[in-house]
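Structure first, commentary second.
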Amino acid sequence: MFISKKALAVSPSSTLAINSKFKAMKAEGIDVVGFGTGEPDFDTPENIKTAAKLAIDNGFTKYTPASGTNELKNAICYKLKRDNGINYDLSNIVVSNGAKHSLMNVFTAICDPGDEIIIPSPFWVSYPEIVRLADGVPVIVDTLENSEFKLSAEDFEKAITPKTRGIIINSPGNPNGMVYSKEELKALADVALKHGLYIVSDEVYEHLTYDGHKHISIASFGPEYKEATIIVNAVSKTYSMTGWRIGYTASSEPLAKAMANIQSHSTSNPNSIAQIAATEALIGDLSAVEMMKKEFVKRRDYMCQRINKIKGVSCKKPQGAFYILLNISQLKGKTLYGKTIKTSDDFGEILLEKALVAVVPCSGFGNDDFVRLSYATSMETIIKGMDRLETFLNEAF
Ligand code: PMP
Ligand code: GLU
């Protein structure tokens with residue numbers, strides 16, 4: 001059967017694959033601990049669910065404009081002013097089916113075949129695949145754990161070629177949990193501006209920053225920065241709305257028009273009921289967000305402190321998002337329970353098999369010395385998982 005080269009080149013999302021495996025094991029009654037999924041364990045706040053129920057009762061169940069309702073676009077503009085200090089008009093906004101879909105629109109709109117997009121590594125697994133699907137070429141630039149996994153302006157500039165079209169900046173970052181400071185962002189943005197590049201700023205974890213670290217949007221630096229930046233955001237993480245599938249972009253008007261056109265032929269509007277729910281999320285009560293953030297801090301602190309007492313692994317304390325990168329480099333070449341650990345996939349497999357703990361190997365995230373642990377799960381689960389990891393590694397040494 002013929003399948004296109006483009007389709008054959010796409011690998012499945014490892015984050016979603018781990019999630020499916022975890023859920024299937026749970027359904028079979030296996031007592032597995034899941035640190036795989038990047039989704040908050042909290043329920044969607046009540047005010048948001050009520051708004052959606054009302055939308056159904058009021059018959060808001062038909063097509064809306066393809067790029068989203070004016071009400072939701074207004075709420076997004078309000079949010080961008082309130083949280084990020086940036087003025088946008090409705091014509092700058094495109095609402096899509098989650099940030100993943102927004103990213104697909106972005107790269108389809110900015111890449112001609114062969115155009116290069118710079119991606120600092122470790123990166124979220126879907127970035128290179130989305131760029132490739134849009135006929136672009138991902139150019140991976142490594143960053144180091146000792147430099148907080150942050151890309152320097154020098155390394156960014158060195159990776160630029162005549163084919164470079166843009167860079168992805170994801171702060172707070174998945175999987176590394178780091179938050180760029182204003183100065184660091186400014187230095188990167190200045191390089192982008194000097195070379196006429198787009199800055200794709202993935203801000204889906206913006207509200208999840210800890211210990212005084214603050215998220216800043218590059219688009220807030222001034223009109224030229226705003227013009228070059230494409231903000232990608234979603235209600236998925238902040239409001240525990242991963243399944244509702246609402247993401248959005250804020251960009252220059254011509255680009256927004258191009259993305260709206262693409263969307264009008266590919267998916268039409270995002271779900272009408274979810275748009276009502278997202279409008280409520282953005283303009284309504286924010287207390288649930290603060291509650292989740294406080295809980296994430298406790299979980300992160302506990303997990304980090306436990307990990308750094310376990311022989312053979314280590315981690316740096318993340319500054320944002322809800323992921324920890326577990327450094328497994330010391331385990332490489334060792335034989336654990338009869339299996340020689342050569343890759344992060346080997347470690348993930350044996351940990352799941354012998355200790356019933358699901359993690360995401362970072363082979364798909366551009367750095368095979370790590371596996372990713374999500375702490376967007378209950379404290380009880382975290383304690384159980386850390387106990388298992390500790391026993392697993394103690395017995396191995
Ligand atoms: N960007 C990053 C950095 C992510 O971790 C995710 C994961 N969900 C997304 C984008 C996609 O978000 P959504 O669920 O809204 O598509
Ligand atoms: N972004 C989350 C993660 O990294 C959700 C899964 C996905 O879309 O990749 O786990």
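Chain labels run A, B, ... following the order of the structure tokens; each chain numbers its residues from 1, and ligands are numbered from 1 in the order shown.
With only C-alpha atoms and all ligand atoms as the atoms that count, the set of residues no farther than 7 Å from ligand 2 is Ser13, Thr15, Leu16, Gly36, Thr37, Gly38, Glu39, Trp124, Val125, Ser126 and Asn174 of chain A.
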### Query
If you count only C-alpha atoms and all ligand atoms, which residues end up within 9 Å of ligand 1, as a PyMOL selection string?
chain A and resi 15+38-39+96-103+123-127+170-175+202-205+232-237+241-248+321
### Query
Excluding same-chain residues fewer than 4 positions from Val141 in chain A, what lies within 8 Å of it counting only C-alpha atoms, as a ChimeraX atom specification?
/A:118-121,151,155-156,159
### Message
At a cut-off of 7 Å, using only C-alpha atoms, what residues contact range 288-305 of chain A? Leave out same-chain residues fewer than 2 positions from it and give the result as JSON, numbers by chain.
### Response
{"A": [45, 208, 210, 238, 239, 286, 307, 308, 309, 315, 317, 322, 375, 376, 379]}
Residues from last step as file, C-alpha atoms, as a PDB file, in the first residue's frame:
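See out_30.pdb below for the written result:
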```pdb
ATOM      1  CA  PRO A  45     -12.599  24.344  37.382  1.00  0.00           C
ATOM      2  CA  LEU A 208       3.577  27.782  36.153  1.00  0.00           C
ATOM      3  CA  TYR A 210       8.217  29.078  40.889  1.00  0.00           C
ATOM      4  CA  THR A 238      -3.156  26.602  32.985  1.00  0.00           C
ATOM      5  CA  TYR A 239      -6.802  25.708  33.446  1.00  0.00           C
ATOM      6  CA  LEU A 286      -8.222  32.635  38.535  1.00  0.00           C
ATOM      7  CA  ILE A 307      15.721  11.993  43.539  1.00  0.00           C
ATOM      8  CA  ASN A 308      18.915  13.637  44.706  1.00  0.00           C
ATOM      9  CA  LYS A 309      19.195  11.121  47.557  1.00  0.00           C
ATOM     10  CA  CYS A 315      18.154  16.242  38.831  1.00  0.00           C
ATOM     11  CA  LYS A 317      15.370  21.850  40.430  1.00  0.00           C
ATOM     12  CA  PHE A 322       5.664  20.455  35.773  1.00  0.00           C
ATOM     13  CA  TYR A 375       4.813  15.846  38.665  1.00  0.00           C
ATOM     14  CA  ALA A 376       1.340  16.770  37.458  1.00  0.00           C
ATOM     15  CA  MET A 379       1.438  13.577  46.056  1.00  0.00           C
TER      16      MET A 379
END
```
#### Entry: From A:Lys226, A:Lys21, A:Lys158, A:Lys257, residue lying nearest Ala66 in chain A [only C-alpha atoms]
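Ranking A:Lys226, A:Lys21, A:Lys158, A:Lys257 by distance to Ala66 in chain A, first place goes to A:Lys257.
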### From A:Ser272, A:Thr229, A:Thr249, A:Asn105, residue lying nearest Ile93 in chain A [only C-alpha atoms]
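The shortest atom-to-atom distance to Ile93 in chain A comes from A:Thr249.
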### Query
Pick from A:Ile56, A:Leu331, A:Ile310, A:Val137: nearest to Met386 in chain A, with only C-alpha atoms counted?
A:Ile310
### Task
Identify which of the residues A:Ile3, A:Leu80, A:Val33, A:Val94 lies closest to Ala260 in chain A, counting only C-alpha atoms when measuring atom-to-atom distances.
A:Val94
### Query
With only C-alpha atoms as the atoms that count, which of A:Asp387, A:Asp89, A:Glu71, A:Asp368 lies nearest to Glu253 in chain A?
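For Glu253 in chain A, the nearest of the given residues is A:Asp89.
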Can you list, as a tab-separated table (two decimals) with all heavy atoms, in the first residue's frame, all residues belonging to range 59-265 of chain A that DSSP tags as strand (DSSP E or B)?
```
chain	number	residue	atom	x	y	z
A	93	ILE	N	-5.44	37.42	16.18
A	93	ILE	CA	-5.64	36.18	16.94
A	93	ILE	C	-6.25	35.07	16.06
A	93	ILE	O	-7.19	35.32	15.30
A	93	ILE	CB	-6.61	36.43	18.13
A	93	ILE	CG1	-6.19	37.66	18.96
A	93	ILE	CG2	-6.77	35.18	19.00
A	93	ILE	CD1	-4.84	37.57	19.63
A	94	VAL	N	-5.70	33.88	16.19
A	94	VAL	CA	-6.32	32.69	15.57
A	94	VAL	C	-6.47	31.62	16.65
A	94	VAL	O	-5.50	31.27	17.31
A	94	VAL	CB	-5.45	32.13	14.41
A	94	VAL	CG1	-6.06	30.84	13.84
A	94	VAL	CG2	-5.27	33.16	13.31
A	95	VAL	N	-7.69	31.14	16.81
A	95	VAL	CA	-7.96	30.11	17.83
A	95	VAL	C	-7.99	28.75	17.13
A	95	VAL	O	-8.61	28.60	16.08
A	95	VAL	CB	-9.33	30.35	18.52
A	95	VAL	CG1	-9.54	29.35	19.64
A	95	VAL	CG2	-9.45	31.77	19.04
A	96	SER	N	-7.29	27.78	17.72
A	96	SER	CA	-7.18	26.46	17.08
A	96	SER	C	-7.48	25.34	18.06
A	96	SER	O	-7.80	25.59	19.22
A	96	SER	CB	-5.78	26.30	16.49
A	96	SER	OG	-5.51	27.35	15.60
A	116	GLU	N	14.71	26.51	7.44
A	116	GLU	CA	15.18	25.93	8.70
A	116	GLU	C	14.58	26.62	9.92
A	116	GLU	O	14.46	27.85	9.95
A	116	GLU	CB	16.71	26.03	8.77
A	116	GLU	CG	17.39	25.18	7.70
A	116	GLU	CD	18.89	25.37	7.63
A	116	GLU	OE1	19.45	26.19	8.40
A	116	GLU	OE2	19.51	24.69	6.79
A	117	ILE	N	14.24	25.81	10.90
A	117	ILE	CA	13.73	26.32	12.18
A	117	ILE	C	14.67	25.83	13.28
A	117	ILE	O	14.90	24.62	13.41
A	117	ILE	CB	12.29	25.81	12.47
A	117	ILE	CG1	11.31	26.24	11.36
A	117	ILE	CG2	11.81	26.29	13.85
A	117	ILE	CD1	11.04	27.74	11.24
A	118	ILE	N	15.23	26.75	14.04
A	118	ILE	CA	16.17	26.39	15.10
A	118	ILE	C	15.39	25.98	16.35
A	118	ILE	O	14.47	26.68	16.78
A	118	ILE	CB	17.11	27.57	15.39
A	118	ILE	CG1	18.01	27.77	14.14
A	118	ILE	CG2	17.95	27.33	16.64
A	118	ILE	CD1	18.92	28.97	14.20
A	119	ILE	N	15.77	24.81	16.88
A	119	ILE	CA	15.08	24.27	18.07
A	119	ILE	C	16.13	23.93	19.13
A	119	ILE	O	16.95	23.03	18.93
A	119	ILE	CB	14.29	22.99	17.72
A	119	ILE	CG1	13.34	23.24	16.53
A	119	ILE	CG2	13.52	22.48	18.94
A	119	ILE	CD1	12.57	22.01	16.06
A	120	PRO	N	16.13	24.67	20.26
A	120	PRO	CA	17.07	24.31	21.33
A	120	PRO	C	16.69	22.95	21.92
A	120	PRO	O	15.51	22.65	22.09
A	120	PRO	CB	16.88	25.42	22.38
A	120	PRO	CG	16.11	26.50	21.69
A	120	PRO	CD	15.32	25.85	20.60
A	121	SER	N	17.73	22.15	22.19
A	121	SER	CA	17.50	20.81	22.73
A	121	SER	C	18.00	20.74	24.17
A	121	SER	O	19.00	21.36	24.48
A	121	SER	CB	18.26	19.81	21.86
A	121	SER	OG	18.52	18.62	22.56
A	137	VAL	N	12.81	22.34	7.98
A	137	VAL	CA	13.91	21.49	8.43
A	137	VAL	C	14.26	21.89	9.87
A	137	VAL	O	14.68	23.03	10.10
A	137	VAL	CB	15.15	21.67	7.52
A	137	VAL	CG1	16.33	20.85	8.03
A	137	VAL	CG2	14.81	21.31	6.08
A	138	PRO	N	14.06	20.97	10.83
A	138	PRO	CA	14.45	21.33	12.20
A	138	PRO	C	15.96	21.34	12.34
A	138	PRO	O	16.62	20.41	11.89
A	138	PRO	CB	13.83	20.20	13.05
A	138	PRO	CG	13.44	19.12	12.11
A	138	PRO	CD	13.46	19.64	10.72
A	139	VAL	N	16.49	22.39	12.94
A	139	VAL	CA	17.93	22.47	13.20
A	139	VAL	C	18.09	22.47	14.72
A	139	VAL	O	17.67	23.41	15.40
A	139	VAL	CB	18.54	23.75	12.57
A	139	VAL	CG1	19.99	23.93	13.00
A	139	VAL	CG2	18.42	23.68	11.06
A	140	ILE	N	18.65	21.39	15.24
A	140	ILE	CA	18.71	21.20	16.69
A	140	ILE	C	20.01	21.79	17.23
A	140	ILE	O	21.09	21.50	16.72
A	140	ILE	CB	18.63	19.69	17.04
A	140	ILE	CG1	17.45	19.01	16.33
A	140	ILE	CG2	18.61	19.48	18.54
A	140	ILE	CD1	16.08	19.59	16.62
A	141	VAL	N	19.89	22.62	18.25
A	141	VAL	CA	21.08	23.19	18.90
A	141	VAL	C	21.06	22.72	20.36
A	141	VAL	O	20.11	23.01	21.10
A	141	VAL	CB	21.08	24.73	18.84
A	141	VAL	CG1	22.37	25.29	19.45
A	141	VAL	CG2	20.95	25.20	17.39
A	142	ASP	N	22.11	22.01	20.74
A	142	ASP	CA	22.15	21.44	22.10
A	142	ASP	C	22.39	22.51	23.16
A	142	ASP	O	23.13	23.46	22.95
A	142	ASP	CB	23.27	20.39	22.20
A	142	ASP	CG	22.92	19.14	21.40
A	142	ASP	OD1	21.72	18.88	21.24
A	142	ASP	OD2	23.86	18.47	20.93
A	164	THR	N	17.62	29.93	7.39
A	164	THR	CA	16.91	29.99	8.68
A	164	THR	C	15.70	30.92	8.58
A	164	THR	O	15.80	32.04	8.09
A	164	THR	CB	17.84	30.49	9.80
A	164	THR	OG1	19.02	29.69	9.79
A	164	THR	CG2	17.17	30.38	11.16
A	165	ARG	N	14.57	30.40	9.05
A	165	ARG	CA	13.34	31.21	9.02
A	165	ARG	C	12.94	31.66	10.42
A	165	ARG	O	12.31	32.69	10.60
A	165	ARG	CB	12.22	30.34	8.39
A	165	ARG	CG	10.88	30.97	8.31
A	165	ARG	CD	10.77	32.09	7.31
A	165	ARG	NE	11.06	31.65	5.97
A	165	ARG	CZ	11.63	32.42	5.03
A	165	ARG	NH1	11.96	33.67	5.32
A	165	ARG	NH2	11.86	31.95	3.83
A	166	GLY	N	13.30	30.85	11.43
A	166	GLY	CA	12.88	31.23	12.78
A	166	GLY	C	13.44	30.32	13.85
A	166	GLY	O	14.20	29.39	13.57
A	167	ILE	N	13.05	30.63	15.08
A	167	ILE	CA	13.49	29.86	16.24
A	167	ILE	C	12.28	29.58	17.12
A	167	ILE	O	11.36	30.41	17.19
A	167	ILE	CB	14.58	30.62	17.03
A	167	ILE	CG1	15.04	29.79	18.25
A	167	ILE	CG2	14.11	32.01	17.47
A	167	ILE	CD1	16.26	30.33	18.95
A	168	ILE	N	12.31	28.43	17.81
A	168	ILE	CA	11.26	28.16	18.80
A	168	ILE	C	11.84	28.44	20.18
A	168	ILE	O	12.91	27.91	20.53
A	168	ILE	CB	10.80	26.69	18.77
A	168	ILE	CG1	10.29	26.30	17.38
A	168	ILE	CG2	9.72	26.45	19.84
A	168	ILE	CD1	9.81	24.85	17.27
A	169	ILE	N	11.16	29.25	20.94
A	169	ILE	CA	11.55	29.46	22.34
A	169	ILE	C	10.38	29.03	23.21
A	169	ILE	O	9.25	29.51	23.03
A	169	ILE	CB	11.95	30.93	22.60
A	169	ILE	CG1	13.20	31.24	21.76
A	169	ILE	CG2	12.23	31.16	24.10
A	169	ILE	CD1	13.72	32.62	21.90
A	170	ASN	N	10.67	28.10	24.12
A	170	ASN	CA	9.61	27.56	24.98
A	170	ASN	C	10.02	27.79	26.43
A	170	ASN	O	10.83	27.08	26.98
A	170	ASN	CB	9.46	26.05	24.67
A	170	ASN	CG	8.52	25.33	25.61
A	170	ASN	OD1	8.74	24.17	25.96
A	170	ASN	ND2	7.46	25.98	26.03
A	198	TYR	N	11.69	34.88	12.51
A	198	TYR	CA	10.52	34.76	13.37
A	198	TYR	C	10.93	34.15	14.71
A	198	TYR	O	11.80	33.27	14.76
A	198	TYR	CB	9.48	33.81	12.76
A	198	TYR	CG	8.62	34.43	11.69
A	198	TYR	CD1	8.68	33.98	10.37
A	198	TYR	CD2	7.73	35.45	12.01
A	198	TYR	CE1	7.87	34.52	9.39
A	198	TYR	CE2	6.91	35.99	11.03
A	198	TYR	CZ	6.99	35.53	9.73
A	198	TYR	OH	6.18	36.08	8.77
A	199	ILE	N	10.26	34.58	15.77
A	199	ILE	CA	10.42	33.95	17.08
A	199	ILE	C	9.09	33.30	17.41
A	199	ILE	O	8.08	34.00	17.59
A	199	ILE	CB	10.75	35.00	18.17
A	199	ILE	CG1	12.00	35.79	17.79
A	199	ILE	CG2	10.89	34.33	19.54
A	199	ILE	CD1	12.09	37.13	18.49
A	200	VAL	N	9.08	31.98	17.43
A	200	VAL	CA	7.86	31.27	17.81
A	200	VAL	C	7.95	31.04	19.31
A	200	VAL	O	8.78	30.26	19.78
A	200	VAL	CB	7.73	29.93	17.03
A	200	VAL	CG1	6.45	29.21	17.45
A	200	VAL	CG2	7.77	30.18	15.53
A	201	SER	N	7.14	31.77	20.06
A	201	SER	CA	7.25	31.75	21.52
A	201	SER	C	6.12	30.90	22.11
A	201	SER	O	4.97	31.32	22.16
A	201	SER	CB	7.18	33.19	22.03
A	201	SER	OG	7.29	33.21	23.42
A	202	ASP	N	6.50	29.69	22.52
A	202	ASP	CA	5.50	28.77	23.08
A	202	ASP	C	5.37	29.06	24.57
A	202	ASP	O	6.27	28.77	25.35
A	202	ASP	CB	5.96	27.33	22.81
A	202	ASP	CG	4.95	26.29	23.29
A	202	ASP	OD1	4.15	26.61	24.20
A	202	ASP	OD2	4.98	25.15	22.79
A	209	THR	N	5.34	29.15	37.10
A	209	THR	CA	6.73	29.52	37.41
A	209	THR	C	6.85	29.59	38.94
A	209	THR	O	5.90	29.97	39.62
A	209	THR	CB	7.11	30.88	36.80
A	209	THR	OG1	6.22	31.87	37.31
A	209	THR	CG2	7.06	30.86	35.29
A	229	THR	N	7.42	38.22	16.63
A	229	THR	CA	7.05	37.11	17.52
A	229	THR	C	5.68	36.54	17.19
A	229	THR	O	4.74	37.27	16.87
A	229	THR	CB	7.03	37.61	18.99
A	229	THR	OG1	8.32	38.13	19.30
A	229	THR	CG2	6.71	36.48	19.96
A	230	ILE	N	5.60	35.22	17.25
A	230	ILE	CA	4.31	34.55	17.15
A	230	ILE	C	4.11	33.87	18.51
A	230	ILE	O	4.83	32.93	18.85
A	230	ILE	CB	4.31	33.48	16.04
A	230	ILE	CG1	4.77	34.08	14.71
A	230	ILE	CG2	2.93	32.83	15.93
A	230	ILE	CD1	5.25	33.05	13.70
A	231	ILE	N	3.18	34.41	19.28
A	231	ILE	CA	2.90	33.79	20.59
A	231	ILE	C	2.00	32.58	20.35
A	231	ILE	O	0.99	32.67	19.64
A	231	ILE	CB	2.18	34.78	21.54
A	231	ILE	CG1	3.13	35.91	21.93
A	231	ILE	CG2	1.65	34.06	22.79
A	231	ILE	CD1	2.51	36.94	22.88
A	232	VAL	N	2.39	31.46	20.95
A	232	VAL	CA	1.54	30.27	20.92
A	232	VAL	C	1.16	29.98	22.37
A	232	VAL	O	2.02	29.92	23.25
A	232	VAL	CB	2.30	29.05	20.33
A	232	VAL	CG1	1.44	27.80	20.41
A	232	VAL	CG2	2.73	29.34	18.90
A	233	ASN	N	-0.13	29.84	22.63
A	233	ASN	CA	-0.57	29.58	23.99
A	233	ASN	C	-1.83	28.71	23.93
A	233	ASN	O	-2.34	28.42	22.84
A	233	ASN	CB	-0.83	30.90	24.74
A	233	ASN	CG	-0.58	30.77	26.23
A	233	ASN	OD1	-0.77	29.69	26.81
A	233	ASN	ND2	-0.19	31.85	26.88
A	234	ALA	N	-2.30	28.29	25.09
A	234	ALA	CA	-3.47	27.40	25.15
A	234	ALA	C	-4.07	27.48	26.54
A	234	ALA	O	-3.41	27.92	27.49
A	234	ALA	CB	-3.04	25.96	24.86
A	247	GLY	N	-6.30	26.15	21.71
A	247	GLY	CA	-5.03	26.87	21.72
A	247	GLY	C	-5.18	28.10	20.86
A	247	GLY	O	-6.22	28.27	20.19
A	248	TYR	N	-4.18	28.98	20.87
A	248	TYR	CA	-4.32	30.17	20.03
A	248	TYR	C	-2.96	30.77	19.71
A	248	TYR	O	-1.96	30.46	20.37
A	248	TYR	CB	-5.21	31.23	20.70
A	248	TYR	CG	-4.76	31.64	22.09
A	248	TYR	CD1	-3.87	32.71	22.28
A	248	TYR	CD2	-5.22	30.98	23.22
A	248	TYR	CE1	-3.47	33.08	23.55
A	248	TYR	CE2	-4.82	31.34	24.49
A	248	TYR	CZ	-3.96	32.40	24.66
A	248	TYR	OH	-3.55	32.76	25.91
A	249	THR	N	-2.95	31.61	18.68
A	249	THR	CA	-1.74	32.37	18.35
A	249	THR	C	-2.07	33.85	18.39
A	249	THR	O	-3.22	34.26	18.13
A	249	THR	CB	-1.22	32.05	16.93
A	249	THR	OG1	-2.33	32.18	16.02
A	249	THR	CG2	-0.64	30.66	16.83
A	250	ALA	N	-1.03	34.64	18.69
A	250	ALA	CA	-1.11	36.09	18.54
A	250	ALA	C	0.08	36.45	17.67
A	250	ALA	O	1.22	36.13	18.01
A	250	ALA	CB	-1.04	36.78	19.90
```
### Message
Just checking: using only C-alpha atoms, which residue out of A:Gly320, A:Gly59, A:Gly312, A:Gly177 ends up closest to Gly212 in chain A?
### Response
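Smallest separation from Gly212 in chain A among the options: A:Gly320.
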### Query
Mind pulling up the distance from CA of Leu325 in chain A to CA of Val371 in chain A?
5.9 Å
